[in-house]
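Colleague: Starting off with a structure, shown below.
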Amino acid sequence: MKSSRVIVAALAVLALLLAGCASGGDDTGGDQEPAGSESAGGAVDADATFSVYNCEPTSLLPPSANEVCGTTVLDALFEGLVRFDEETHEPVNAMAESIESDDLQTWTITIEEGWTFHDGTPVTAQSFVDAWNYGAYGPNAQANAYIYGPIEGFNDLQCEVDEEGSCTSEPKATEMSGLRAIDDHTLEVRLGGPYSQFPMVLGTPAFYPLPEVFFEDPEAFNEAPVGNGPFRMDGQWEHDRTIKVVRYEGYPGDRQPQASGVEYRIYSDINTAYTDLLAGNLDVMADLPPEQVKAAEAELGDRFIRDESSSFSYLAFPLYDERFQDVNLRRAFSMAIDREAIVENLVPDVVPATGVVSPVVPGFREDACGKWCTHDPEEARRLLDQAGGWEGPLELWFNAGAGHEQWMEAAANQLRDTLGIEEITFQALQPPDYAAKMEAFEITGPFRLAWVMDYPSMENYLLPLFSSAGGSNLGQYTNEEVDAAIAEGNLAKTPEEAIAAYQRAEDLVIEDLPVVPLFFGEVTGGHSERVRNVSVDAFARVNVTEVEVVGE
């Protein structure tokens with residue numbers, strides 16, 4: 001990681017917005033030694049591979065992957081213009097040599113020479129232009145399309161859609177007017193207005209470059225992506241089983257792998273993965289089963305990992321269902337849940353959420369949610385009565401196999417005991433099926449979700465989850481005042497003005513309570529005895545290039 005080469009922007013007013021919080025947790029990692037060196041635990045075997053727990057991705061296409069299962073793999077396969085420092089979370093240049101703007105609206109990006117895709121073709125400025133235009137083009141229906149919204153001409157690539165989200169008209173254009181490759185190594189980006197977050201946004205997978213082979217057959221590319229990162233695909237994605245990557249010898253960046261390859265093993269049940277970890281059949285887990293965390297500290301010893309995370313867990317309301325339209329009902333549900341009790345007894349790797357923005361980003365406020373996130377059974381019952389009560393069964397939805405069963409059962413018991421909702425059932429689906437239901441807006445009750453930041457800004461929680469154009473606004477919440485406050489923050493000329501606007505947006509969201517804020521997470525992971533220098537960043541990703549395999 002190029003931590004010594006901080007992004008150059010002509011306006012220093014970005015400094016506070018780009019700042020993060022220093023890592024305060026324990027870490028099993030240490031200073032790297034050259035591959036093949038000897039230290040505690042034996043010699044490093046640079047020709048060995050190791051395995052990492054993973055869930056089944058919904059996509060391996062950078063313009064569409066928007067959950068940890070997929071972005072974890074893409075982080076190994078691709079390098080973007082920007083990365084984020086592991087400790088400070090500040091953006092640092094990766095492929096970018098410089099990122100400059102005099103007005104926060106027109107940006108000139110100089111790209112380092114010498115980068116190639118895994119098929120040997122060069123990475124050029126046009127590789128970024130083509131990738132971003134593909135992601136933004138409405139008929140391509142990419143999940144991350146909204147993130148290109150600030151670029152001039154984005155709206156001309158959009159189409160009218162029907163109730164199913166399918167295009168019913170042709171867009172005005174196929175390319176954004178604000179994108180231009182000046183030469184092979186210079187990219188000019190014109191935005192629709194000043195946007196203080198733009199350098200950080202460049203660190204998300206949606207802004208990775210794509211090779212020409214992608215456009216020949218995107219579906220085939222999804223099964224075996226051709227990236228430009230430190231690892232390349234080894235064969236194809238074996239769905240529900242494994243994704244294998246090997247070291248790319250042509251990678252010129254700073255993230256040089258210390259092992260020859262990684263196998264991302266896909267488990268449908270996190271407890272099975274933990275059993276394999278204890279038995280030495282799995283090398284790294286970035287996320288342990290919640291009910292095993294306390295025991296894992298003793299069982300793993302110095303191989304246990306605890307560090308800060310940017311994760312925010314919540315129950316979203318399907319606001320397209322009339323039963324959840326009354327804000328007092330939503331408030332009643334939130335106040336009926338005893339977060340403290342759940343954390344103390346069942347989920348020791350989290351703390352109760354006090355807002356909808358993680359503590360790791362600038363602008364976080366400890367008491368943002370106030371009384372609406374406070375356990376108050378009497379007030380919860382009063383609010384439910386005011387909303388007209390609840391009739392009939394209630395379904396709670398969550399992704400199966402990730403360790404949520406026990407605490408979801410506890411939350412259901414609290415809703416049952418406090419609000420008198422006797423018939424509560426569960427819909428626990430495997431991640432791909434769960435994602436499909438959410439994207440089709442077919443969820444019929446409060447549903448569990450978690451968000452891990454793409455970049456360290458309040459905007460990255462507010463815009464995707466709660467704006468009208470948010471790609472992860474799966475409850476279909478809309479509030480024009482929220483949209484306006486987010487837009488005001490994006491246009492702000494100083495960090496203080498931006499944060500103030502984002503905080504107003506968060507206040508409006510909390511007043512409407514389209515979700516029940518539940519937990520802010522911590523990283524709790526572990527590794528086997530055959531690997532060392534294992535760390536997990538605040539984005540919930542294992543730093544696979546740093547992991548060393550210890551030889552016999």
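In the structure tokens, the first chain shown is A, the next is B, and so on; residue numbers restart at 1 for each chain, and ligands run from 1 in the order shown.
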Could you tell me, as a list in words, which residues of range 350-493 of chain A DSSP assigns to strand (DSSP E or B) when given the backbone?
Modeller: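 Put together, the selection reads Val350, Val351, Pro352, Leu394, Glu395, Leu396, Trp397, Phe398, Asn399, Ile424, Thr425, Phe426, Gln427, Ala428, Leu429, Phe447, Arg448, Leu449, Ala450 and Trp451 of chain A.
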Colleague: Please build the interface table for range 136-254 of chain A against range 496-504 of chain A with a cut-off of 10 Å, listing for each qualifying residue the nearest atom pair and the distance in Å to one decimal; count only C-alpha atoms, order rows by chain and increasing number, and write it as a Markdown table.
Modeller:
| residue | atom | partner | partner_atom | distance |
| --- | --- | --- | --- | --- |
| A:Tyr195 | CA | A:Ala498 | CA | 9.9 |
| A:Ser196 | CA | A:Ala498 | CA | 8.1 |
| A:Gln197 | CA | A:Ala498 | CA | 9.4 |
Colleague: Name all residues at most 10 Å from Arg541 in chain A (count only C-alpha atoms; drop same-chain ones fewer than 3 positions away) and give them as a ChimeraX atom specification.
Modeller: /A:68-69,71-73,75-76,285-287,309,523,535-538,544
Colleague: Go ahead and dump the residues you just picked, N, CA and C atoms, as a JSON list (two decimals), in the first residue's frame.
Modeller:
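Saved file selection11.json follows:
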[["chain", "number", "residue", "atom", "x", "y", "z"],
["A", 68, "VAL", "N", -19.63, -7.64, 0.72],
["A", 68, "VAL", "CA", -18.29, -8.08, 1.11],
["A", 68, "VAL", "C", -17.90, -9.39, 0.45],
["A", 69, "CYS", "N", -18.86, -10.29, 0.22],
["A", 69, "CYS", "CA", -18.54, -11.59, -0.37],
["A", 69, "CYS", "C", -17.83, -11.42, -1.71],
["A", 71, "THR", "N", -16.63, -8.15, -3.04],
["A", 71, "THR", "CA", -15.56, -7.14, -3.04],
["A", 71, "THR", "C", -14.28, -7.65, -2.39],
["A", 72, "THR", "N", -14.40, -8.62, -1.48],
["A", 72, "THR", "CA", -13.21, -9.22, -0.89],
["A", 72, "THR", "C", -12.35, -9.87, -1.96],
["A", 73, "VAL", "N", -12.97, -10.61, -2.86],
["A", 73, "VAL", "CA", -12.24, -11.26, -3.95],
["A", 73, "VAL", "C", -11.71, -10.23, -4.93],
["A", 75, "ASP", "N", -10.81, -7.27, -4.40],
["A", 75, "ASP", "CA", -9.69, -6.54, -3.82],
["A", 75, "ASP", "C", -8.36, -7.23, -4.13],
["A", 76, "ALA", "N", -8.38, -8.54, -4.28],
["A", 76, "ALA", "CA", -7.17, -9.28, -4.65],
["A", 76, "ALA", "C", -6.91, -9.24, -6.15],
["A", 285, "MET", "N", -10.07, -16.69, 8.93],
["A", 285, "MET", "CA", -11.45, -16.19, 8.98],
["A", 285, "MET", "C", -11.43, -14.75, 9.45],
["A", 286, "ALA", "N", -12.10, -13.88, 8.69],
["A", 286, "ALA", "CA", -12.18, -12.47, 9.09],
["A", 286, "ALA", "C", -13.41, -12.20, 9.93],
["A", 287, "ASP", "N", -14.26, -13.21, 10.08],
["A", 287, "ASP", "CA", -15.54, -13.02, 10.77],
["A", 287, "ASP", "C", -15.89, -14.34, 11.45],
["A", 309, "SER", "N", -14.01, -2.12, 13.03],
["A", 309, "SER", "CA", -14.71, -2.37, 11.77],
["A", 309, "SER", "C", -15.61, -1.19, 11.46],
["A", 523, "VAL", "N", -14.10, -6.19, 14.12],
["A", 523, "VAL", "CA", -13.51, -7.35, 13.46],
["A", 523, "VAL", "C", -13.15, -8.37, 14.52],
["A", 535, "SER", "N", -3.99, -9.79, 9.07],
["A", 535, "SER", "CA", -4.75, -8.64, 9.57],
["A", 535, "SER", "C", -6.01, -8.47, 8.72],
["A", 536, "VAL", "N", -6.99, -7.82, 9.32],
["A", 536, "VAL", "CA", -8.27, -7.55, 8.65],
["A", 536, "VAL", "C", -8.52, -6.05, 8.76],
["A", 537, "ASP", "N", -8.84, -5.40, 7.66],
["A", 537, "ASP", "CA", -9.03, -3.96, 7.70],
["A", 537, "ASP", "C", -10.46, -3.58, 8.08],
["A", 538, "ALA", "N", -10.69, -2.29, 8.20],
["A", 538, "ALA", "CA", -12.02, -1.81, 8.62],
["A", 538, "ALA", "C", -13.09, -2.04, 7.57],
["A", 544, "VAL", "N", -4.73, -10.02, 2.10],
["A", 544, "VAL", "CA", -4.17, -11.29, 1.64],
["A", 544, "VAL", "C", -2.76, -11.16, 1.11]]
Colleague: Enumerate as number ranges by chain all residues of range 413-549 of chain A assigned to helix (DSSP H, G or I) by DSSP on the backbone, naming them with the chain letters and numbers the document uses.
Modeller: A: 413-419, 431-439, 459-466, 480-491, 495-512
Colleague: Just the residues within 10 Å of range 264-270 of chain A, please, counting only C-alpha atoms, with nothing from its chain fewer than 3 positions along; format it as a VMD selection string.
Modeller: chain A and resid 50 to 57 69 72 to 73 237 to 245 261 273 to 276 282 284 to 285 287 to 290 400 to 404 430 to 431
Colleague: Can you write just those residues out, C-alpha atoms, as a PDB file, in the first residue's frame?
Modeller:
ATOM      1  CA  PHE A  50      -3.495 -20.526   1.981  1.00  0.00           C
ATOM      2  CA  SER A  51      -7.273 -20.586   2.388  1.00  0.00           C
ATOM      3  CA  VAL A  52      -9.719 -17.884   3.474  1.00  0.00           C
ATOM      4  CA  TYR A  53     -13.354 -18.197   4.569  1.00  0.00           C
ATOM      5  CA  ASN A  54     -15.801 -16.490   2.206  1.00  0.00           C
ATOM      6  CA  CYS A  55     -19.499 -16.408   1.454  1.00  0.00           C
ATOM      7  CA  GLU A  56     -21.002 -16.845  -2.000  1.00  0.00           C
ATOM      8  CA  PRO A  57     -20.720 -13.546  -3.930  1.00  0.00           C
ATOM      9  CA  CYS A  69     -18.538 -11.589  -0.372  1.00  0.00           C
ATOM     10  CA  THR A  72     -13.214  -9.221  -0.886  1.00  0.00           C
ATOM     11  CA  VAL A  73     -12.237 -11.263  -3.945  1.00  0.00           C
ATOM     12  CA  TRP A 237     -15.461 -19.328  -9.991  1.00  0.00           C
ATOM     13  CA  GLU A 238     -16.825 -22.636  -8.697  1.00  0.00           C
ATOM     14  CA  HIS A 239     -20.115 -21.448  -7.310  1.00  0.00           C
ATOM     15  CA  ASP A 240     -20.877 -22.349  -3.683  1.00  0.00           C
ATOM     16  CA  ARG A 241     -17.465 -24.074  -3.468  1.00  0.00           C
ATOM     17  CA  THR A 242     -14.355 -22.034  -4.138  1.00  0.00           C
ATOM     18  CA  ILE A 243     -12.629 -19.160  -5.928  1.00  0.00           C
ATOM     19  CA  LYS A 244      -8.891 -19.598  -6.449  1.00  0.00           C
ATOM     20  CA  VAL A 245      -6.369 -16.880  -7.279  1.00  0.00           C
ATOM     21  CA  GLY A 261      -2.035 -18.021  -4.081  1.00  0.00           C
ATOM     22  CA  ALA A 273     -15.949 -22.818   8.690  1.00  0.00           C
ATOM     23  CA  TYR A 274     -14.977 -22.201  12.301  1.00  0.00           C
ATOM     24  CA  THR A 275     -14.793 -25.945  12.958  1.00  0.00           C
ATOM     25  CA  ASP A 276     -12.430 -26.234   9.987  1.00  0.00           C
ATOM     26  CA  LEU A 282      -8.973 -23.535   7.005  1.00  0.00           C
ATOM     27  CA  VAL A 284      -8.055 -17.477   7.855  1.00  0.00           C
ATOM     28  CA  MET A 285     -11.450 -16.194   8.977  1.00  0.00           C
ATOM     29  CA  ASP A 287     -15.537 -13.025  10.768  1.00  0.00           C
ATOM     30  CA  LEU A 288     -16.158 -15.587  13.518  1.00  0.00           C
ATOM     31  CA  PRO A 289     -19.571 -16.936  14.568  1.00  0.00           C
ATOM     32  CA  PRO A 290     -20.894 -14.486  17.185  1.00  0.00           C
ATOM     33  CA  ALA A 400     -28.774 -17.877   6.700  1.00  0.00           C
ATOM     34  CA  GLY A 401     -25.507 -19.481   7.681  1.00  0.00           C
ATOM     35  CA  ALA A 402     -23.788 -16.354   8.997  1.00  0.00           C
ATOM     36  CA  GLY A 403     -24.492 -16.753  12.712  1.00  0.00           C
ATOM     37  CA  HIS A 404     -27.579 -14.536  12.985  1.00  0.00           C
ATOM     38  CA  GLN A 430     -28.838 -18.238   1.511  1.00  0.00           C
ATOM     39  CA  PRO A 431     -27.112 -14.986   0.394  1.00  0.00           C
TER      40      PRO A 431
END
Colleague: Excluding Val343 in chain A and any residue of its chain fewer than 2 positions from it, enumerate the residues within 12 Å of it, using only C-alpha atoms, and give them as a PyMOL selection string.
Modeller: chain A and resi 290-291+293+337-341+345-353+406-408+410-411+518-522
Colleague: Compare A:Cys167, A:Gly203, A:Ile99, A:Pro122 by their minimum atom-to-atom distance to Thr186 in chain A, counting only C-alpha atoms, and give me the closest one.
Modeller: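 Smallest distance to Thr186 in chain A is found for A:Ile99.
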